[in-house]
Amino acid sequence: MPLVILALAALSLCMSAVAMRRAAPLKWRFALPAPLPVAGPARFETVFEYQVPEGEAHAPAIVLRAEGFDVLWFQGSKEAAADVDIHGVEIRQDGSGWRASPPGPVLTRAGLEAAFEPMQRVVTLGNTIENEARAGHLYTTAVSLGGWAMAAIADVEIGPDGPLRARKLNLSPLLNRSFLVKSPMLAYEGGSTALPAYFEMGWSHGVLIRLDAAGRVRDRRRLRAPGARLIQPMIVPLDARRAVAFLRDLGGSGVLWRSVTEDGGQSWKEPVPTDRANANAPVAALWLGTGRIVMAANDDADAPGDLVLSLSEDEGRTWRVLHRFERPGARRYPMLRRVGDSVALTYSTGTKRGIAVHLFNAAWLAGQ
């Protein structure tokens with residue numbers, strides 16, 4: 001049996017290599033949006049606050065829609081439990097402002113099991129983000145056995161009543177396990193994309209997964225450093241060729257790590273620790289234009305549960321605190337996304353007991 005597995009793995013590698021040689025070459029140039037405009041009066045508003053009746057609600061993500069945006073999170077008795085499903089809320093704008101729908105389930109374990117091609121068991125669900133390359137699709141972290149170290153990334157097509165089809169991303173010729181998602185995708189010139197992910201089994205590290213316009217995996221690049229267990233890369237393009245990545249360290253260094261690329265993500269400098277404290281938590285960051293980056297992070301060593309919004313005006317080298325979110329219970333796992341001329345920020349509240357969503361504009365940032 002081991003020989004059969006090795007033979008199938010070798011065959012898979014050969015077929016993948018042939019397919020990649022036949023495909024059109026990837027373009028390694030980032031496609032950046034227009035800078036966030038600083039216009040009009042300052043705006044900051046809370047558009048959604050939710051407390052789970054029991055159990056946990058955690059790791060929210062923002063999914064952009066033509067008429068607004070959705071926020072998704074995993075919810076159940078506790079993280080990685082066998083009753084965890086993906087829940088969400090629709091946030092839309094009407095003539096009187098932003099309105100949130102009642103929250104409810106969006107992707108269930110049973111629904112995903114039935115949608116998988118080929119069908120497979122789903123024990124629990126985790127971090128879920130928008131597949132920005134394919135309308136109506138999500139990337140979810142699914143576990144069929146074991147815990148997060150045995151997770152896989154699934155591309156899921158969502159219909160009005162739940163998942164329609166799902167397939168695991170082919171990231172390894174052997175187990176194809178231990179890959180997870182957290183941060184938003186990156187756009188490249190020519191219509192291709194990249195998915196920041198991370199590998200959690202053994203020596204953890206960040207991964208940049210290149211995808212073609214059809215969503216097929218075309219390449220994979222690592223972000224790793226000896227002696228560090230770096231996960232959840234938050235990658236911010238600075239121009240067509242340069243980007244900076246911020247990484248969480250599971251190894252207990254207590255600081256945020258940083259890496260850079262100067263060739264569109266084909267190669268990454270060895271990540272190095274920064275002088276910014278980090279409470280073993282992921283960060284969210286967003287490019288605003290002309291060297292400016294806004295970040296949401298747990299970067300106060302004396303108050304690790306506080307979520308701090310900071311601004312860098314030199315491509316992430318130095319930071320200035322703008323705002324602090326400091327209610328009872330930890331505020332963690334942030335995500336930032338552009339919503340038109342505004343920025344949406346979501347994070348979990350009350351130590352995984354709820355979800356908050358805010359909207360603000362560049363004028364508000366400038367006034368802090």
# chains A, B, ... in the order shown; residues from 1 in each chain; ligands from 1
>>> residues_around(residues="Asp219 in chain A", least_positions_apart="4", cutoff="9 Å", atoms="only C-alpha atoms", output="PyMOL selection string")
chain A and resi 20+26+208-211
>>> residues_around(residues="range 108-117 of chain A", least_positions_apart="5", cutoff="8 Å", atoms="only C-alpha atoms", output="count of residues only")
14
>>> residues_around(residues="Ala301 in chain A", least_positions_apart="3", cutoff="10 Å", atoms="only C-alpha atoms", output="list in words")
Gly254, Val255, Arg276, Ala277, Asn278, Ala279, Asn298, Pro304, Gly305 and Asp306 of chain A
>>> atom_distance(atom1="CA of Pro196 in chain A", atom2="CA of Ala245 in chain A")
9.7 Å
>>> residues_around(residues="range 350-360 of chain A", least_positions_apart="5", cutoff="8 Å", atoms="only C-alpha atoms", output="JSON, numbers by chain")
{"A": [42, 43, 44, 45, 46, 47, 48, 49, 50, 51, 52, 54, 55, 56, 57, 58, 60, 327, 328, 329, 330, 331, 332, 342, 343, 344, 345, 365]}
>>> write_last_selection(atoms="C-alpha atoms", output="mmCIF file, in the first residue's frame")
data_model
loop_
_atom_site.group_PDB
_atom_site.id
_atom_site.type_symbol
_atom_site.label_atom_id
_atom_site.label_comp_id
_atom_site.auth_asym_id
_atom_site.auth_seq_id
_atom_site.Cartn_x
_atom_site.Cartn_y
_atom_site.Cartn_z
ATOM 1 C CA ALA A 42 -15.382 62.501 8.541
ATOM 2 C CA ARG A 43 -17.506 59.387 9.036
ATOM 3 C CA PHE A 44 -17.281 56.552 11.564
ATOM 4 C CA GLU A 45 -20.251 54.355 12.374
ATOM 5 C CA THR A 46 -20.957 50.988 13.914
ATOM 6 C CA VAL A 47 -23.231 49.082 11.508
ATOM 7 C CA PHE A 48 -23.479 45.721 13.290
ATOM 8 C CA GLU A 49 -22.991 44.351 16.799
ATOM 9 C CA TYR A 50 -23.840 40.785 17.711
ATOM 10 C CA GLN A 51 -23.520 38.614 20.799
ATOM 11 C CA VAL A 52 -23.865 34.867 20.374
ATOM 12 C CA GLU A 54 -24.244 30.650 23.741
ATOM 13 C CA GLY A 55 -20.912 29.261 22.651
ATOM 14 C CA GLU A 56 -18.525 31.216 20.428
ATOM 15 C CA ALA A 57 -18.586 33.449 17.342
ATOM 16 C CA HIS A 58 -15.153 34.173 15.917
ATOM 17 C CA PRO A 60 -15.196 37.315 10.944
ATOM 18 C CA ARG A 327 -14.334 47.064 25.855
ATOM 19 C CA PRO A 328 -14.494 44.131 28.307
ATOM 20 C CA GLY A 329 -13.148 40.935 26.777
ATOM 21 C CA ALA A 330 -10.592 40.546 24.009
ATOM 22 C CA ARG A 331 -11.126 42.046 20.562
ATOM 23 C CA ARG A 332 -9.257 39.886 18.040
ATOM 24 C CA SER A 342 -15.031 53.711 2.858
ATOM 25 C CA VAL A 343 -13.220 51.064 4.893
ATOM 26 C CA ALA A 344 -15.038 48.248 6.682
ATOM 27 C CA LEU A 345 -13.494 46.822 9.860
ATOM 28 C CA LEU A 365 -8.566 58.595 9.573
#
>>> select_by_dssp(residues="range 41-268 of chain A", states="strand (DSSP E or B)", output="JSON, numbers by chain")
{"A": [44, 45, 46, 47, 48, 49, 50, 51, 56, 57, 58, 59, 60, 61, 62, 63, 64, 65, 68, 69, 70, 71, 72, 73, 74, 75, 76, 85, 86, 87, 88, 89, 90, 91, 92, 93, 94, 97, 98, 99, 100, 104, 105, 106, 107, 116, 124, 125, 126, 127, 128, 129, 130, 137, 138, 139, 140, 141, 142, 143, 151, 152, 153, 154, 155, 156, 157, 158, 159, 162, 163, 164, 165, 166, 167, 168, 179, 180, 181, 186, 187, 188, 193, 194, 195, 196, 197, 198, 199, 205, 206, 207, 208, 209, 210, 211, 217, 218, 219, 220, 221, 222, 223, 230, 231, 232, 233, 234, 235, 236, 237, 243, 244, 245, 246, 247, 248, 249, 255, 256, 257, 258, 259, 260, 261]}
>>> atom_distance(atom1="CA of Gly88 in chain A", atom2="CA of Ile153 in chain A")
19.2 Å
>>> closest_residue(among="A:Ala66, A:Ala61, A:Val339, A:Val181", to="Val89 in chain A", atoms="only C-alpha atoms")
A:Ala61
>>> atom_distance(atom1="CA of Ala187 in chain A", atom2="CA of Arg317 in chain A")
23.3 Å
